[in-house]
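Here the structure is laid out as structure tokens; the discussion comes afterwards.
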Amino acid sequence: MTERLAHDHSLPVNGDHKNEYLFDADLLQSIFKQYSLKDHKLEGNIYDGKYLIRPLSLKDYDHGYIDLLRQLTECGKISYEEFQERFYEMKQCSNTYHILVIEDMNLNKKIIGTTTLVCEKKFIRQLGVRGRIEDVVIDNEYRGQQLGKLLVDLLTKLAKEKCDCYKISLECKDNLIGFYKQFGYDHEDKQNYLCQRFQK
Ligand code: 16G
């Protein structure tokens, strides 16, 4: 795996690139500004003076990003090299993977929240883009502060205003339907979500 990484020209070869972001943080700036106008708790990319909201970076591996995902579902064992390889695979797909994280600035940069927007490019709908909201997790100890609401709202706006998505969807448990309805998500008439699982 390391050899493949070393030969991949899209990957940095020297230096410490751990601060590198998965996607361009500038994309978020105008969304943050709009949000700040209606909720003064978000100033720039800092929420409530305590939390930094930004794209995923490589250093988040050391600050609990995978452990946070474990609060949503199984993750298995993931080495730093594996994390890095997947990070660059995603980064190479431009305008596709937008993983937002919340860092607790007071607690050793711990990652306490995350949400993903995936933009799928299509031929239909005049080369349309379909958005998907995935992997919404707020650390158990930080729930009840509207942090999940903030992340879903920011990424829904990003999908609409910057990624030009013609629709955006998500899958969730029954008890969360009310939560997602507040952002405009709802069941579509005569549409179903079907799934097949494979033994891994
Ligand atoms: C939830 C998540 C989905 C995630 C899945 C993991 C949201 C809105 N939905 O459905 O993104 O991938 O759980 O569960 O966050 P799984 O490991 O059983 O697929």
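FYI, nothing fancy with the structure tokens labels: chains A, B, ... in order, residues from 1 per chain, ligands from 1 as they appear.
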
- Message: Would you pick out the contacts of Glu103 in chain A at 8 Å or less, using only C-alpha atoms, so that residues sharing its chain but fewer than 4 positions from it are not included, and give the list as a list in words?
- Response: Tyr51, Leu52, Ile53, Lys109, Lys110, Ile111, Ile112 and Gly113 of chain A

- Message: Which residues are near ligand 1 in this structure, taking near to mean any atom at most 6 Å from a ligand atom and counting only C-alpha atoms and all ligand atoms? Format them as a list in words.
- Response: Thr73, Ile133, Glu134, Asp135, Val136, Leu170, Glu171 and Cys172 of chain A

Closest atom pairs, range 133-166 of chain A residues within 12 Å of range 76-100 of chain A, only C-alpha atoms, as CSV:
```
residue,atom,partner,partner_atom,distance
A:Ile133,CA,A:His98,CA,9.7
A:Glu134,CA,A:Ile99,CA,9.1
A:Asp135,CA,A:Ile99,CA,9.1
A:Val136,CA,A:Leu100,CA,9.7
A:Val137,CA,A:Leu100,CA,10.7
A:Ile138,CA,A:Leu100,CA,11.7
A:Leu147,CA,A:Leu100,CA,11.7
A:Gly148,CA,A:Leu100,CA,11.0
A:Leu150,CA,A:Leu100,CA,10.7
A:Leu151,CA,A:Leu100,CA,7.3
A:Val152,CA,A:Leu100,CA,9.6
A:Asp153,CA,A:Leu100,CA,11.6
A:Leu154,CA,A:Leu100,CA,9.2
A:Leu155,CA,A:Leu100,CA,8.1
A:Thr156,CA,A:His98,CA,11.2
A:Leu158,CA,A:His98,CA,9.3
A:Ala159,CA,A:His98,CA,9.6
A:Lys162,CA,A:Asn95,CA,9.7
A:Cys163,CA,A:Asn95,CA,7.4
A:Asp164,CA,A:Asn95,CA,10.6
A:Cys165,CA,A:Thr96,CA,11.1
```

For the selection you just gave me, I'd like the residues written to a file as a PDB file, in the first residue's frame, keeping N, CA, C and O atoms.
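The resulting file, part_38.pdb, is reproduced below:
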```
ATOM      1  N   ILE A 133     -26.631  13.123   1.931  1.00  0.00           N
ATOM      2  CA  ILE A 133     -26.111  13.430   3.270  1.00  0.00           C
ATOM      3  C   ILE A 133     -25.828  12.100   3.955  1.00  0.00           C
ATOM      4  O   ILE A 133     -26.695  11.224   3.999  1.00  0.00           O
ATOM      5  N   GLU A 134     -24.623  11.933   4.433  1.00  0.00           N
ATOM      6  CA  GLU A 134     -24.193  10.665   5.023  1.00  0.00           C
ATOM      7  C   GLU A 134     -23.468  10.889   6.354  1.00  0.00           C
ATOM      8  O   GLU A 134     -22.919  11.966   6.590  1.00  0.00           O
ATOM      9  N   ASP A 135     -23.449   9.831   7.130  1.00  0.00           N
ATOM     10  CA  ASP A 135     -22.595   9.744   8.317  1.00  0.00           C
ATOM     11  C   ASP A 135     -22.671  10.978   9.227  1.00  0.00           C
ATOM     12  O   ASP A 135     -21.671  11.634   9.506  1.00  0.00           O
ATOM     13  N   VAL A 136     -23.874  11.249   9.650  1.00  0.00           N
ATOM     14  CA  VAL A 136     -24.111  12.354  10.591  1.00  0.00           C
ATOM     15  C   VAL A 136     -23.881  11.815  12.006  1.00  0.00           C
ATOM     16  O   VAL A 136     -24.615  10.922  12.447  1.00  0.00           O
ATOM     17  N   VAL A 137     -22.872  12.299  12.687  1.00  0.00           N
ATOM     18  CA  VAL A 137     -22.602  11.839  14.065  1.00  0.00           C
ATOM     19  C   VAL A 137     -22.169  13.003  14.947  1.00  0.00           C
ATOM     20  O   VAL A 137     -21.279  13.769  14.564  1.00  0.00           O
ATOM     21  N   ILE A 138     -22.775  13.099  16.103  1.00  0.00           N
ATOM     22  CA  ILE A 138     -22.315  14.030  17.145  1.00  0.00           C
ATOM     23  C   ILE A 138     -21.961  13.172  18.356  1.00  0.00           C
ATOM     24  O   ILE A 138     -22.725  12.278  18.744  1.00  0.00           O
ATOM     25  N   LEU A 147     -25.667  20.860  17.454  1.00  0.00           N
ATOM     26  CA  LEU A 147     -24.501  20.770  16.566  1.00  0.00           C
ATOM     27  C   LEU A 147     -24.824  19.950  15.311  1.00  0.00           C
ATOM     28  O   LEU A 147     -24.381  20.280  14.207  1.00  0.00           O
ATOM     29  N   GLY A 148     -25.626  18.911  15.468  1.00  0.00           N
ATOM     30  CA  GLY A 148     -26.037  18.104  14.304  1.00  0.00           C
ATOM     31  C   GLY A 148     -26.875  18.942  13.354  1.00  0.00           C
ATOM     32  O   GLY A 148     -26.706  18.892  12.134  1.00  0.00           O
ATOM     33  N   LEU A 150     -26.719  22.108  12.970  1.00  0.00           N
ATOM     34  CA  LEU A 150     -25.835  23.056  12.286  1.00  0.00           C
ATOM     35  C   LEU A 150     -25.132  22.386  11.089  1.00  0.00           C
ATOM     36  O   LEU A 150     -25.115  22.925   9.978  1.00  0.00           O
ATOM     37  N   LEU A 151     -24.587  21.196  11.313  1.00  0.00           N
ATOM     38  CA  LEU A 151     -23.846  20.525  10.231  1.00  0.00           C
ATOM     39  C   LEU A 151     -24.761  20.156   9.063  1.00  0.00           C
ATOM     40  O   LEU A 151     -24.410  20.365   7.902  1.00  0.00           O
ATOM     41  N   VAL A 152     -25.930  19.607   9.377  1.00  0.00           N
ATOM     42  CA  VAL A 152     -26.843  19.195   8.297  1.00  0.00           C
ATOM     43  C   VAL A 152     -27.324  20.427   7.524  1.00  0.00           C
ATOM     44  O   VAL A 152     -27.378  20.428   6.292  1.00  0.00           O
ATOM     45  N   ASP A 153     -27.595  21.487   8.255  1.00  0.00           N
ATOM     46  CA  ASP A 153     -28.058  22.712   7.612  1.00  0.00           C
ATOM     47  C   ASP A 153     -26.971  23.285   6.697  1.00  0.00           C
ATOM     48  O   ASP A 153     -27.227  23.664   5.550  1.00  0.00           O
ATOM     49  N   LEU A 154     -25.740  23.337   7.194  1.00  0.00           N
ATOM     50  CA  LEU A 154     -24.643  23.888   6.390  1.00  0.00           C
ATOM     51  C   LEU A 154     -24.441  23.075   5.111  1.00  0.00           C
ATOM     52  O   LEU A 154     -24.302  23.628   4.016  1.00  0.00           O
ATOM     53  N   LEU A 155     -24.440  21.755   5.241  1.00  0.00           N
ATOM     54  CA  LEU A 155     -24.178  20.928   4.057  1.00  0.00           C
ATOM     55  C   LEU A 155     -25.368  20.904   3.098  1.00  0.00           C
ATOM     56  O   LEU A 155     -25.189  20.757   1.894  1.00  0.00           O
ATOM     57  N   THR A 156     -26.568  21.066   3.625  1.00  0.00           N
ATOM     58  CA  THR A 156     -27.737  21.135   2.734  1.00  0.00           C
ATOM     59  C   THR A 156     -27.652  22.417   1.902  1.00  0.00           C
ATOM     60  O   THR A 156     -27.892  22.409   0.686  1.00  0.00           O
ATOM     61  N   LEU A 158     -24.860  24.009   1.203  1.00  0.00           N
ATOM     62  CA  LEU A 158     -23.717  23.838   0.293  1.00  0.00           C
ATOM     63  C   LEU A 158     -24.150  23.074  -0.959  1.00  0.00           C
ATOM     64  O   LEU A 158     -23.809  23.435  -2.091  1.00  0.00           O
ATOM     65  N   ALA A 159     -24.942  22.012  -0.738  1.00  0.00           N
ATOM     66  CA  ALA A 159     -25.419  21.192  -1.865  1.00  0.00           C
ATOM     67  C   ALA A 159     -26.243  22.027  -2.836  1.00  0.00           C
ATOM     68  O   ALA A 159     -26.082  21.946  -4.054  1.00  0.00           O
ATOM     69  N   LYS A 162     -23.831  25.776  -3.784  1.00  0.00           N
ATOM     70  CA  LYS A 162     -22.472  25.722  -4.338  1.00  0.00           C
ATOM     71  C   LYS A 162     -22.240  24.498  -5.208  1.00  0.00           C
ATOM     72  O   LYS A 162     -21.407  24.511  -6.110  1.00  0.00           O
ATOM     73  N   CYS A 163     -22.920  23.407  -4.911  1.00  0.00           N
ATOM     74  CA  CYS A 163     -22.679  22.179  -5.677  1.00  0.00           C
ATOM     75  C   CYS A 163     -23.764  21.977  -6.731  1.00  0.00           C
ATOM     76  O   CYS A 163     -23.705  21.022  -7.493  1.00  0.00           O
ATOM     77  N   ASP A 164     -24.757  22.853  -6.739  1.00  0.00           N
ATOM     78  CA  ASP A 164     -25.768  22.843  -7.788  1.00  0.00           C
ATOM     79  C   ASP A 164     -26.541  21.512  -7.861  1.00  0.00           C
ATOM     80  O   ASP A 164     -26.884  21.055  -8.953  1.00  0.00           O
ATOM     81  N   CYS A 165     -26.772  20.893  -6.722  1.00  0.00           N
ATOM     82  CA  CYS A 165     -27.498  19.610  -6.708  1.00  0.00           C
ATOM     83  C   CYS A 165     -28.963  19.832  -7.094  1.00  0.00           C
ATOM     84  O   CYS A 165     -29.578  20.806  -6.661  1.00  0.00           O
TER      85      CYS A 165
END
```

- Between CA of Leu72 in chain A and CA of Gln145 in chain A, what is the spacing in Å? 18.1 Å

- Item | Per-residue DSSP, range 53-103 of chain A, filtered to alpha helix (DSSP H), as a ChimeraX atom specification | /A:65-69,80-92

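Note that the spacing between CA of Ser57 in chain A and CA of Val118 in chain A amounts to 16.5 Å.
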
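Between Lys122 in chain A and the candidates A:Lys190, A:Lys167, A:Leu69, A:Asn175, the tightest atom-to-atom separation, counting only C-alpha atoms, involves A:Lys167.
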
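Closest to Asp26 in chain A among A:Arg54, A:Asp48, A:Asn108, A:Lys121 is A:Arg54, based on only C-alpha atoms.
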
- Selected residue, from A:Arg70, A:Arg197, A:Arg125, A:Arg132, that lies nearest to Tyr185 in chain A when counting only C-alpha atoms: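 Closest candidate: A:Arg132.
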
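Residues of range 49-128 of chain A that DSSP places in strand (DSSP E), based on the backbone of this structure, are Tyr51, Leu52, Ile53, Arg54, Pro55, Tyr97, His98, Ile99, Leu100, Val101, Ile102, Glu103, Asp104, Lys110, Ile111, Ile112, Gly113, Thr114, Thr115, Thr116, Leu117, Val118, Cys119, Glu120 and Lys121 of chain A.
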
Restricted to N, CA, C and O atoms, what would the selected residues look like written as an mmCIF file, in the first residue's frame?
```cif
data_model
loop_
_atom_site.group_PDB
_atom_site.id
_atom_site.type_symbol
_atom_site.label_atom_id
_atom_site.label_comp_id
_atom_site.auth_asym_id
_atom_site.auth_seq_id
_atom_site.Cartn_x
_atom_site.Cartn_y
_atom_site.Cartn_z
ATOM 1 N N TYR A 51 -16.144 25.871 19.190
ATOM 2 C CA TYR A 51 -16.021 24.794 18.203
ATOM 3 C C TYR A 51 -15.598 25.330 16.841
ATOM 4 O O TYR A 51 -16.174 26.296 16.340
ATOM 5 N N LEU A 52 -14.626 24.679 16.255
ATOM 6 C CA LEU A 52 -14.171 25.042 14.913
ATOM 7 C C LEU A 52 -14.820 24.085 13.899
ATOM 8 O O LEU A 52 -14.752 22.865 14.069
ATOM 9 N N ILE A 53 -15.440 24.669 12.874
ATOM 10 C CA ILE A 53 -16.103 23.847 11.848
ATOM 11 C C ILE A 53 -15.301 23.968 10.569
ATOM 12 O O ILE A 53 -15.035 25.082 10.084
ATOM 13 N N ARG A 54 -14.880 22.840 10.033
ATOM 14 C CA ARG A 54 -13.972 22.873 8.883
ATOM 15 C C ARG A 54 -14.025 21.544 8.152
ATOM 16 O O ARG A 54 -14.581 20.552 8.675
ATOM 17 N N PRO A 55 -13.403 21.485 6.936
ATOM 18 C CA PRO A 55 -13.326 20.195 6.245
ATOM 19 C C PRO A 55 -12.431 19.217 7.024
ATOM 20 O O PRO A 55 -11.562 19.646 7.795
ATOM 21 N N TYR A 97 -16.587 14.651 -2.521
ATOM 22 C CA TYR A 97 -16.651 14.322 -1.082
ATOM 23 C C TYR A 97 -16.432 15.571 -0.232
ATOM 24 O O TYR A 97 -15.366 16.191 -0.305
ATOM 25 N N HIS A 98 -17.443 15.915 0.548
ATOM 26 C CA HIS A 98 -17.353 17.088 1.425
ATOM 27 C C HIS A 98 -17.618 16.594 2.841
ATOM 28 O O HIS A 98 -18.773 16.426 3.231
ATOM 29 N N ILE A 99 -16.552 16.324 3.573
ATOM 30 C CA ILE A 99 -16.729 15.863 4.960
ATOM 31 C C ILE A 99 -16.434 17.038 5.890
ATOM 32 O O ILE A 99 -15.322 17.564 5.897
ATOM 33 N N LEU A 100 -17.457 17.436 6.645
ATOM 34 C CA LEU A 100 -17.286 18.521 7.615
ATOM 35 C C LEU A 100 -17.036 17.910 8.981
ATOM 36 O O LEU A 100 -17.665 16.898 9.324
ATOM 37 N N VAL A 101 -16.171 18.551 9.760
ATOM 38 C CA VAL A 101 -15.984 18.088 11.138
ATOM 39 C C VAL A 101 -16.117 19.266 12.088
ATOM 40 O O VAL A 101 -15.938 20.424 11.696
ATOM 41 N N ILE A 102 -16.426 18.952 13.340
ATOM 42 C CA ILE A 102 -16.400 19.955 14.406
ATOM 43 C C ILE A 102 -15.287 19.571 15.365
ATOM 44 O O ILE A 102 -15.245 18.445 15.863
ATOM 45 N N GLU A 103 -14.398 20.531 15.577
ATOM 46 C CA GLU A 103 -13.277 20.315 16.499
ATOM 47 C C GLU A 103 -13.575 21.078 17.795
ATOM 48 O O GLU A 103 -13.974 22.242 17.738
ATOM 49 N N ASP A 104 -13.388 20.418 18.919
ATOM 50 C CA ASP A 104 -13.516 21.104 20.205
ATOM 51 C C ASP A 104 -12.191 21.806 20.468
ATOM 52 O O ASP A 104 -11.174 21.163 20.737
ATOM 53 N N LYS A 110 -10.142 17.648 19.796
ATOM 54 C CA LYS A 110 -10.935 16.428 19.630
ATOM 55 C C LYS A 110 -12.042 16.660 18.600
ATOM 56 O O LYS A 110 -12.690 17.719 18.606
ATOM 57 N N ILE A 111 -12.256 15.669 17.736
ATOM 58 C CA ILE A 111 -13.326 15.762 16.744
ATOM 59 C C ILE A 111 -14.609 15.242 17.393
ATOM 60 O O ILE A 111 -14.689 14.079 17.789
ATOM 61 N N ILE A 112 -15.581 16.124 17.487
ATOM 62 C CA ILE A 112 -16.789 15.778 18.246
ATOM 63 C C ILE A 112 -18.054 15.736 17.364
ATOM 64 O O ILE A 112 -19.143 15.453 17.869
ATOM 65 N N GLY A 113 -17.884 16.032 16.088
ATOM 66 C CA GLY A 113 -19.046 15.947 15.196
ATOM 67 C C GLY A 113 -18.608 15.857 13.755
ATOM 68 O O GLY A 113 -17.534 16.346 13.395
ATOM 69 N N THR A 114 -19.414 15.212 12.955
ATOM 70 C CA THR A 114 -19.105 15.124 11.526
ATOM 71 C C THR A 114 -20.369 14.867 10.708
ATOM 72 O O THR A 114 -21.345 14.296 11.216
ATOM 73 N N THR A 115 -20.333 15.290 9.467
ATOM 74 C CA THR A 115 -21.387 15.010 8.486
ATOM 75 C C THR A 115 -20.742 15.062 7.100
ATOM 76 O O THR A 115 -19.818 15.846 6.871
ATOM 77 N N THR A 116 -21.247 14.224 6.206
ATOM 78 C CA THR A 116 -20.687 14.156 4.849
ATOM 79 C C THR A 116 -21.737 14.533 3.814
ATOM 80 O O THR A 116 -22.889 14.109 3.927
ATOM 81 N N LEU A 117 -21.321 15.309 2.828
ATOM 82 C CA LEU A 117 -22.139 15.525 1.628
ATOM 83 C C LEU A 117 -21.396 14.891 0.463
ATOM 84 O O LEU A 117 -20.252 15.257 0.178
ATOM 85 N N VAL A 118 -22.013 13.905 -0.176
ATOM 86 C CA VAL A 118 -21.429 13.308 -1.389
ATOM 87 C C VAL A 118 -22.216 13.821 -2.581
ATOM 88 O O VAL A 118 -23.453 13.780 -2.580
ATOM 89 N N CYS A 119 -21.512 14.312 -3.589
ATOM 90 C CA CYS A 119 -22.168 14.813 -4.798
ATOM 91 C C CYS A 119 -21.889 13.842 -5.941
ATOM 92 O O CYS A 119 -20.737 13.661 -6.337
ATOM 93 N N GLU A 120 -22.943 13.232 -6.417
ATOM 94 C CA GLU A 120 -22.817 12.207 -7.460
ATOM 95 C C GLU A 120 -23.128 12.836 -8.821
ATOM 96 O O GLU A 120 -24.208 13.392 -9.026
ATOM 97 N N LYS A 121 -22.151 12.759 -9.732
ATOM 98 C CA LYS A 121 -22.344 13.360 -11.061
ATOM 99 C C LYS A 121 -23.137 12.408 -11.939
ATOM 100 O O LYS A 121 -22.901 11.197 -11.923
#
```
